[in-house]
Amino acid sequence: MTATTPAIEVAGLTKSYGDHVVLDGVDLTVPAGTVYALLGPNGAGKTTTVNILSTLLAPGDGEIRVAGFDVRREPAGVRAAIGVTGQFSAIDELLTGRENLRLMADLAHLDRTTATTAVTVMLERFDLVGAADRRAQTYSGGMKRRLDLAMTLIARPRLIFLDEPTAGLDPRSRRDLWAIVREQVADGVTVLLTTQYLEEADQLADRIGVLDGGRLVAEGTAAQLKRRVPGGHVSVQFTDAVGLAAAAAAHPEATSDAEALTLQVPSDGSIAGLRRVLDGLDNDRVAGVTVESADLDDVFLALTGHAAEAPAAREIPA
Amino acid sequence: MSTAYTVHDSVTMLRRNLLHIRRYPSLSVMLVAQPILFLLLFVYVFGGTMGAGLPGQHGGGDRGDYLMFITPGILIMTVASVALGTAISTASDMTTGIIARFRTMNIARVSVLTGHVLGAVLKTAGAVVIVTGFAFLLGFRSDAGPLDWLGVIGLLVLIAFSLTWLTVGMGLAADSVETASNTPLFLVILPFISSAFVPTDAMPAGLRQFAEHQPFTPMIDTLRALVTGARPGSDLWLAIGWCALIALLGYLWSRRLFLRVPAK
């Protein structure tokens with residue numbers, strides 16, 4: 001793969017099971033060395049896309065090249081270049097962490113010394129030294145995910161697919177995993193990840209594709225996507241209806257909520273805009289002020305017509 | 001993928017399967033216990049009566065003669081029993097996430113299966129040694145020479161190899177681990193309708209024809225000849241032929257099931 005060849009090139013990808021269309025003409029290009037996030041709700045076609053790109057599943061129509069190889073005609077070339085970590089742990093639970101890594105090193109045809117070194121390095125880097133000789137089935141969710149990723153990375157693939165890599169992880173494990181992904185990117189590895197978590201896409205990705213109902217409904221950087229929806233707002237909460245009414249009269253463009261005693265004033269997030277709102281307020285009648293910028297949740301809602309379903313999953317412990 | 005890697009990957013997968021056998025020994029113990037129970041049951045419960053009914057140069061025999069008669073059949077049941085376990089372990093392996101990982105790796109894919117088969121053949125060898133030892137404890141004696149024993153070992157390995165390819169296919173074809181534990185049951189039943197426990201002459205016409213022509217009978221007759229130091233004759237070639245056929249069909253079937261690109 002040279003610098004000029006994109007790591008992933010997909011044109012007109014379709015996939016259906018009978019009458020059920022899963023992917024309906026997806027086009028995407030991922031330049032080498034970048035992180036691309038496929039964002040979408042359950043059933044949007046994220047996993048199907050990853051499975052096709054990683055040669056697990058035959059595509060319907062379309063031109064698909066991964067690491068410069070055609071997924072239909074040159075699957076071995078694709079497989080030699082990629083590493084995959086799916087949403088279900090792809091580890092051997094009967095083996096220990098060390099044995100799992102050794103298995104991967106052997107299958108990557110590393111010679112004995114290189115394999116032994118690589119296993120030790122991975123155990124240390126993924127904080128699994130203490131658990132190295134315990135069976136993987138005794139590992140916590142976060143440890144399993146780390147082992148899984150270590151198994152993917154031990155062969156040093158140039159392109160990795162991460163299918164919902166942090167689904168079901170606690171916030172700390174999620175942050176650990178993000179750090180690992182960033183390290184990989186710093187080493188020049190290309191990453192395609194799927195996620196339901198808007199924050200994750202925002203944190204990691206250079207470009208984000210919003211997948212909904214088998215179609216890419218939007219694509220761009222996080223900033224570009226955020227610009228596509230109405231901007232943020234300043235939300236002011238009042239102590240009584242008089243204060244609310246006075247402020248509402250001063251800001252005809254604002255929406256007032258009489259029951260909650262709040263006024264939402266559209267804002268571009270600048271200091272000047274914020275000052276304009278604050279200057280007219282009577283300190284004694286204000287209970288609190290919050291500034292909210294548009295986030296990817298707003299983008300998601302605006303682009304797909306329904307909210308992302310992810311946030312509730314954040315409470316699942318590891 | 002070159003052949004060198006096929007061998008290399010198969011050895012790697014064999015190591016994985018040997019670790020599985022070590023980590024989960026209860027299945028193996030159960031598979032060896034079954035033929036031993038049959039051996040005890042047939043020798044001590046039925047042996048006296050059955051031995052008396054055996055045709056022989058002395059005009060019938062005793063419990064000891066019956067032990068001599070059924071040991072080859074019990075060895076075949078041992079092989080079948082381990083093969084049944086392989087259907088279960090293959091099916092349960094296919095439910096684990098690591099199989100999907102293997103499919104995305106640049107390895108000889110069939111090595112996932114050869115790992116299972118080679119592991120099972122080694123496991124069968126262990127089981128056969130234990131069961132044979134048990135038969136000797138009960139009083140089994142053999143006139144076989146070293147060459148005959150070599151033949152016994154060779155044939156048992158061949159049978160294990162062929163039955164295992166068949167049961168790996170059954171494990172892959174099964175939609176659940178439960179199904180995988182049921183489909184190969186016929187392998188444990190079939191030896192009953194063969195020359196394993198009674199001479200086929202004692203059966204009614206239709207059944208006798210089936211018993212004489214089913215694959216287990218030439219295998220058992222060959223083993224019986226070898227352990228008594230006699231010449232197996234045409235049964236040997238028939239047994240080898242059946243093994244080759246079953247192994248080939250089992251291999252092609254398993255390979256096709258495993259290599260097909262999954263629909264979902």
# chains A, B, ... in the order shown; residues from 1 in each chain; ligands from 1
>>> interface_residues(of="chain A", to="chain B", cutoff="8 Å", atoms="only C-alpha atoms", output="ChimeraX atom specification")
/A:54-58,76-77,79-80,82-85,88-92,94-95,103,106-108
>>> write_last_selection(atoms="N, CA and C atoms", output="PDB file, in the first residue's frame")
ATOM      1  N   SER A  54     -13.842  -6.953   5.558  1.00  0.00           N
ATOM      2  CA  SER A  54     -12.850  -7.862   6.146  1.00  0.00           C
ATOM      3  C   SER A  54     -12.967  -9.272   5.577  1.00  0.00           C
ATOM      4  N   THR A  55     -13.666  -9.438   4.475  1.00  0.00           N
ATOM      5  CA  THR A  55     -13.811 -10.696   3.718  1.00  0.00           C
ATOM      6  C   THR A  55     -14.622 -11.769   4.448  1.00  0.00           C
ATOM      7  N   LEU A  56     -15.337 -11.395   5.493  1.00  0.00           N
ATOM      8  CA  LEU A  56     -16.157 -12.378   6.198  1.00  0.00           C
ATOM      9  C   LEU A  56     -17.454 -12.655   5.458  1.00  0.00           C
ATOM     10  N   LEU A  57     -17.842 -11.694   4.647  1.00  0.00           N
ATOM     11  CA  LEU A  57     -19.153 -11.746   4.015  1.00  0.00           C
ATOM     12  C   LEU A  57     -18.980 -11.321   2.563  1.00  0.00           C
ATOM     13  N   ALA A  58     -19.720 -11.998   1.661  1.00  0.00           N
ATOM     14  CA  ALA A  58     -19.625 -11.634   0.251  1.00  0.00           C
ATOM     15  C   ALA A  58     -20.463 -10.385  -0.005  1.00  0.00           C
ATOM     16  N   ALA A  76      -7.027 -13.037   0.024  1.00  0.00           N
ATOM     17  CA  ALA A  76      -5.827 -13.346   0.819  1.00  0.00           C
ATOM     18  C   ALA A  76      -4.980 -12.092   1.019  1.00  0.00           C
ATOM     19  N   GLY A  77      -4.893 -11.254  -0.020  1.00  0.00           N
ATOM     20  CA  GLY A  77      -4.139 -10.006   0.079  1.00  0.00           C
ATOM     21  C   GLY A  77      -4.763  -9.083   1.111  1.00  0.00           C
ATOM     22  N   ARG A  79      -6.659 -10.031   3.647  1.00  0.00           N
ATOM     23  CA  ARG A  79      -6.480 -10.613   4.990  1.00  0.00           C
ATOM     24  C   ARG A  79      -5.074 -10.392   5.528  1.00  0.00           C
ATOM     25  N   ALA A  80      -4.097 -10.403   4.616  1.00  0.00           N
ATOM     26  CA  ALA A  80      -2.719 -10.229   5.076  1.00  0.00           C
ATOM     27  C   ALA A  80      -2.484  -8.806   5.589  1.00  0.00           C
ATOM     28  N   ILE A  82      -4.965  -6.733   7.042  1.00  0.00           N
ATOM     29  CA  ILE A  82      -5.911  -6.194   8.025  1.00  0.00           C
ATOM     30  C   ILE A  82      -5.867  -6.906   9.375  1.00  0.00           C
ATOM     31  N   GLY A  83      -6.440  -6.252  10.367  1.00  0.00           N
ATOM     32  CA  GLY A  83      -6.711  -6.861  11.664  1.00  0.00           C
ATOM     33  C   GLY A  83      -8.126  -6.466  12.034  1.00  0.00           C
ATOM     34  N   VAL A  84      -8.860  -7.388  12.651  1.00  0.00           N
ATOM     35  CA  VAL A  84     -10.262  -7.118  12.944  1.00  0.00           C
ATOM     36  C   VAL A  84     -10.571  -7.393  14.410  1.00  0.00           C
ATOM     37  N   THR A  85     -11.200  -6.440  15.060  1.00  0.00           N
ATOM     38  CA  THR A  85     -11.747  -6.693  16.391  1.00  0.00           C
ATOM     39  C   THR A  85     -13.230  -6.393  16.331  1.00  0.00           C
ATOM     40  N   PHE A  88     -18.097  -8.886  19.363  1.00  0.00           N
ATOM     41  CA  PHE A  88     -18.115 -10.037  20.246  1.00  0.00           C
ATOM     42  C   PHE A  88     -16.688 -10.532  20.363  1.00  0.00           C
ATOM     43  N   SER A  89     -16.274 -10.850  21.578  1.00  0.00           N
ATOM     44  CA  SER A  89     -14.858 -11.090  21.770  1.00  0.00           C
ATOM     45  C   SER A  89     -14.396 -12.298  20.969  1.00  0.00           C
ATOM     46  N   ALA A  90     -13.330 -12.075  20.199  1.00  0.00           N
ATOM     47  CA  ALA A  90     -12.774 -13.110  19.334  1.00  0.00           C
ATOM     48  C   ALA A  90     -11.528 -13.683  19.990  1.00  0.00           C
ATOM     49  N   ILE A  91     -11.708 -14.149  21.234  1.00  0.00           N
ATOM     50  CA  ILE A  91     -10.589 -14.746  21.945  1.00  0.00           C
ATOM     51  C   ILE A  91     -10.940 -16.188  22.254  1.00  0.00           C
ATOM     52  N   ASP A  92      -9.920 -16.994  22.551  1.00  0.00           N
ATOM     53  CA  ASP A  92     -10.174 -18.386  22.914  1.00  0.00           C
ATOM     54  C   ASP A  92     -10.240 -18.433  24.438  1.00  0.00           C
ATOM     55  N   LEU A  94     -10.709 -20.743  26.548  1.00  0.00           N
ATOM     56  CA  LEU A  94     -10.085 -21.860  27.266  1.00  0.00           C
ATOM     57  C   LEU A  94      -8.570 -21.665  27.387  1.00  0.00           C
ATOM     58  N   LEU A  95      -8.030 -20.781  26.558  1.00  0.00           N
ATOM     59  CA  LEU A  95      -6.587 -20.538  26.616  1.00  0.00           C
ATOM     60  C   LEU A  95      -6.305 -19.337  27.522  1.00  0.00           C
ATOM     61  N   LEU A 103      -0.822 -17.894  19.980  1.00  0.00           N
ATOM     62  CA  LEU A 103      -1.560 -18.481  18.859  1.00  0.00           C
ATOM     63  C   LEU A 103      -1.575 -17.518  17.673  1.00  0.00           C
ATOM     64  N   ASP A 106       1.904 -17.184  16.127  1.00  0.00           N
ATOM     65  CA  ASP A 106       2.232 -18.361  15.311  1.00  0.00           C
ATOM     66  C   ASP A 106       1.483 -18.335  13.985  1.00  0.00           C
ATOM     67  N   LEU A 107       0.213 -17.923  14.038  1.00  0.00           N
ATOM     68  CA  LEU A 107      -0.577 -17.892  12.805  1.00  0.00           C
ATOM     69  C   LEU A 107      -0.124 -16.762  11.889  1.00  0.00           C
ATOM     70  N   ALA A 108       0.544 -15.761  12.476  1.00  0.00           N
ATOM     71  CA  ALA A 108       1.095 -14.683  11.655  1.00  0.00           C
ATOM     72  C   ALA A 108       2.468 -15.098  11.101  1.00  0.00           C
TER      73      ALA A 108
END
>>> atom_distance(atom1="atom CA of B:Phe69", atom2="atom CA of B:Leu156")
17.1 Å
>>> residues_around(residues="B:Phe192", least_positions_apart="6", cutoff="9 Å", atoms="only C-alpha atoms", output="ChimeraX atom specification")
/B:73,198,211
>>> closest_residue(among="A:Met104, A:Ile160, A:Ala132, A:Leu244", to="A:Ala7", atoms="only C-alpha atoms")
A:Ile160
>>> select_by_dssp(residues="stretch 59-208 of chain B", states="alpha helix (DSSP H)", output="MDAnalysis selection string")
chainID B and resid 63:94 97:103 111:137 146:173 177:182 185:189 205:208
>>> residues_around(residues="A:Arg145", least_positions_apart="5", cutoff="10 Å", atoms="only C-alpha atoms", output="number ranges by chain")
A: 85-91, 126, 139-140, 150-151, 165-167, 169, 173-174, 177, 318
>>> closest_residue(among="B:Gly145, B:Pro191, B:Gly154, B:Gly115", to="B:Phe38", atoms="only C-alpha atoms")
B:Pro191
>>> closest_residue(among="B:Ile130, B:Thr49, B:Leu248, B:Thr78", to="B:Gly61", atoms="only C-alpha atoms")
B:Thr49
>>> residues_around(residues="A:Thr138", least_positions_apart="4", cutoff="10 Å", atoms="only C-alpha atoms", output="number ranges by chain")
A: 93-94, 96, 131, 134, 143-144
>>> residues_around(residues="A:Val210", least_positions_apart="5", cutoff="10 Å", atoms="only C-alpha atoms", output="PyMOL selection string")
chain A and resi 37-41+44+46+194+215-220+225+299-300+303-304
>>> write_last_selection(atoms="N, CA and C atoms", output="mmCIF file, in the first residue's frame")
data_model
loop_
_atom_site.group_PDB
_atom_site.id
_atom_site.type_symbol
_atom_site.label_atom_id
_atom_site.label_comp_id
_atom_site.auth_asym_id
_atom_site.auth_seq_id
_atom_site.Cartn_x
_atom_site.Cartn_y
_atom_site.Cartn_z
ATOM 1 N N ALA A 37 -14.861 6.926 11.087
ATOM 2 C CA ALA A 37 -15.879 6.338 11.957
ATOM 3 C C ALA A 37 -17.183 6.198 11.198
ATOM 4 N N LEU A 38 -17.729 4.997 11.242
ATOM 5 C CA LEU A 38 -19.066 4.778 10.712
ATOM 6 C C LEU A 38 -20.012 4.869 11.898
ATOM 7 N N LEU A 39 -20.860 5.866 11.846
ATOM 8 C CA LEU A 39 -21.731 6.134 12.975
ATOM 9 C C LEU A 39 -23.147 5.778 12.560
ATOM 10 N N GLY A 40 -23.853 5.088 13.425
ATOM 11 C CA GLY A 40 -25.228 4.763 13.074
ATOM 12 C C GLY A 40 -25.886 3.934 14.142
ATOM 13 N N PRO A 41 -27.218 3.896 14.122
ATOM 14 C CA PRO A 41 -27.933 3.102 15.125
ATOM 15 C C PRO A 41 -27.844 1.601 14.797
ATOM 16 N N ALA A 44 -28.203 -0.261 11.121
ATOM 17 C CA ALA A 44 -27.915 0.691 10.045
ATOM 18 C C ALA A 44 -27.073 0.052 8.948
ATOM 19 N N LYS A 46 -23.719 -1.147 9.799
ATOM 20 C CA LYS A 46 -22.307 -0.929 10.154
ATOM 21 C C LYS A 46 -21.526 -2.243 10.163
ATOM 22 N N THR A 194 -16.612 1.383 13.830
ATOM 23 C CA THR A 194 -18.044 1.648 13.843
ATOM 24 C C THR A 194 -18.413 1.935 15.272
ATOM 25 N N ARG A 215 -27.652 3.446 4.052
ATOM 26 C CA ARG A 215 -27.139 4.536 3.207
ATOM 27 C C ARG A 215 -26.294 5.473 4.042
ATOM 28 N N LEU A 216 -25.271 6.049 3.407
ATOM 29 C CA LEU A 216 -24.500 7.086 4.086
ATOM 30 C C LEU A 216 -25.281 8.382 3.915
ATOM 31 N N VAL A 217 -25.867 8.872 5.005
ATOM 32 C CA VAL A 217 -26.710 10.059 4.883
ATOM 33 C C VAL A 217 -25.905 11.341 5.039
ATOM 34 N N ALA A 218 -24.695 11.249 5.580
ATOM 35 C CA ALA A 218 -23.842 12.427 5.683
ATOM 36 C C ALA A 218 -22.419 11.983 5.906
ATOM 37 N N GLU A 219 -21.483 12.805 5.524
ATOM 38 C CA GLU A 219 -20.082 12.477 5.706
ATOM 39 C C GLU A 219 -19.293 13.758 5.884
ATOM 40 N N GLY A 220 -18.300 13.715 6.741
ATOM 41 C CA GLY A 220 -17.463 14.891 6.924
ATOM 42 C C GLY A 220 -16.703 14.808 8.229
ATOM 43 N N LEU A 225 -19.886 18.314 10.261
ATOM 44 C CA LEU A 225 -21.213 17.764 10.529
ATOM 45 C C LEU A 225 -21.979 18.657 11.500
ATOM 46 N N VAL A 299 -26.778 16.505 15.482
ATOM 47 C CA VAL A 299 -26.495 16.184 14.078
ATOM 48 C C VAL A 299 -27.223 14.910 13.704
ATOM 49 N N PHE A 300 -27.086 13.937 14.574
ATOM 50 C CA PHE A 300 -27.663 12.632 14.301
ATOM 51 C C PHE A 300 -29.168 12.722 14.135
ATOM 52 N N LEU A 303 -30.054 14.529 10.934
ATOM 53 C CA LEU A 303 -29.762 13.830 9.685
ATOM 54 C C LEU A 303 -30.595 12.573 9.484
ATOM 55 N N THR A 304 -30.930 11.910 10.582
ATOM 56 C CA THR A 304 -31.603 10.627 10.433
ATOM 57 C C THR A 304 -33.067 10.695 10.822
#
>>> atom_distance(atom1="atom CA of A:Ala32", atom2="atom CA of A:Arg182")
14.7 Å
>>> closest_residue(among="B:Ala174, B:Leu39, B:Asp221, B:Val188", to="B:Thr200", atoms="only C-alpha atoms")
B:Asp221
>>> decode(residues="stretch 71-86 of chain A", atoms="N, CA and C atoms", output="PDB file, in the first residue's frame")
ATOM      1  N   VAL A  71     -11.717  -7.249  -2.718  1.00  0.00           N
ATOM      2  CA  VAL A  71     -12.155  -8.209  -1.689  1.00  0.00           C
ATOM      3  C   VAL A  71     -12.692  -9.505  -2.282  1.00  0.00           C
ATOM      4  N   ARG A  72     -13.214  -9.448  -3.510  1.00  0.00           N
ATOM      5  CA  ARG A  72     -13.753 -10.680  -4.106  1.00  0.00           C
ATOM      6  C   ARG A  72     -12.640 -11.537  -4.700  1.00  0.00           C
ATOM      7  N   ARG A  73     -11.760 -10.903  -5.447  1.00  0.00           N
ATOM      8  CA  ARG A  73     -10.768 -11.675  -6.197  1.00  0.00           C
ATOM      9  C   ARG A  73      -9.466 -11.910  -5.440  1.00  0.00           C
ATOM     10  N   GLU A  74      -9.130 -11.023  -4.502  1.00  0.00           N
ATOM     11  CA  GLU A  74      -7.855 -11.167  -3.799  1.00  0.00           C
ATOM     12  C   GLU A  74      -8.044 -11.120  -2.274  1.00  0.00           C
ATOM     13  N   PRO A  75      -8.921 -12.009  -1.765  1.00  0.00           N
ATOM     14  CA  PRO A  75      -9.189 -11.946  -0.321  1.00  0.00           C
ATOM     15  C   PRO A  75      -7.935 -12.198   0.530  1.00  0.00           C
ATOM     16  N   ALA A  76      -7.027 -13.037   0.024  1.00  0.00           N
ATOM     17  CA  ALA A  76      -5.827 -13.346   0.819  1.00  0.00           C
ATOM     18  C   ALA A  76      -4.980 -12.092   1.019  1.00  0.00           C
ATOM     19  N   GLY A  77      -4.893 -11.254  -0.020  1.00  0.00           N
ATOM     20  CA  GLY A  77      -4.139 -10.006   0.079  1.00  0.00           C
ATOM     21  C   GLY A  77      -4.763  -9.083   1.111  1.00  0.00           C
ATOM     22  N   VAL A  78      -6.104  -9.022   1.087  1.00  0.00           N
ATOM     23  CA  VAL A  78      -6.822  -8.202   2.060  1.00  0.00           C
ATOM     24  C   VAL A  78      -6.508  -8.711   3.471  1.00  0.00           C
ATOM     25  N   ARG A  79      -6.659 -10.031   3.647  1.00  0.00           N
ATOM     26  CA  ARG A  79      -6.480 -10.613   4.990  1.00  0.00           C
ATOM     27  C   ARG A  79      -5.074 -10.392   5.528  1.00  0.00           C
ATOM     28  N   ALA A  80      -4.097 -10.403   4.616  1.00  0.00           N
ATOM     29  CA  ALA A  80      -2.719 -10.229   5.076  1.00  0.00           C
ATOM     30  C   ALA A  80      -2.484  -8.806   5.589  1.00  0.00           C
ATOM     31  N   ALA A  81      -3.331  -7.865   5.148  1.00  0.00           N
ATOM     32  CA  ALA A  81      -3.094  -6.462   5.507  1.00  0.00           C
ATOM     33  C   ALA A  81      -3.905  -5.992   6.707  1.00  0.00           C
ATOM     34  N   ILE A  82      -4.965  -6.733   7.042  1.00  0.00           N
ATOM     35  CA  ILE A  82      -5.911  -6.194   8.025  1.00  0.00           C
ATOM     36  C   ILE A  82      -5.867  -6.906   9.375  1.00  0.00           C
ATOM     37  N   GLY A  83      -6.440  -6.252  10.367  1.00  0.00           N
ATOM     38  CA  GLY A  83      -6.711  -6.861  11.664  1.00  0.00           C
ATOM     39  C   GLY A  83      -8.126  -6.466  12.034  1.00  0.00           C
ATOM     40  N   VAL A  84      -8.860  -7.388  12.651  1.00  0.00           N
ATOM     41  CA  VAL A  84     -10.262  -7.118  12.944  1.00  0.00           C
ATOM     42  C   VAL A  84     -10.571  -7.393  14.410  1.00  0.00           C
ATOM     43  N   THR A  85     -11.200  -6.440  15.060  1.00  0.00           N
ATOM     44  CA  THR A  85     -11.747  -6.693  16.391  1.00  0.00           C
ATOM     45  C   THR A  85     -13.230  -6.393  16.331  1.00  0.00           C
ATOM     46  N   GLY A  86     -14.019  -7.443  16.490  1.00  0.00           N
ATOM     47  CA  GLY A  86     -15.467  -7.294  16.361  1.00  0.00           C
ATOM     48  C   GLY A  86     -16.093  -6.938  17.692  1.00  0.00           C
TER      49      GLY A  86
END
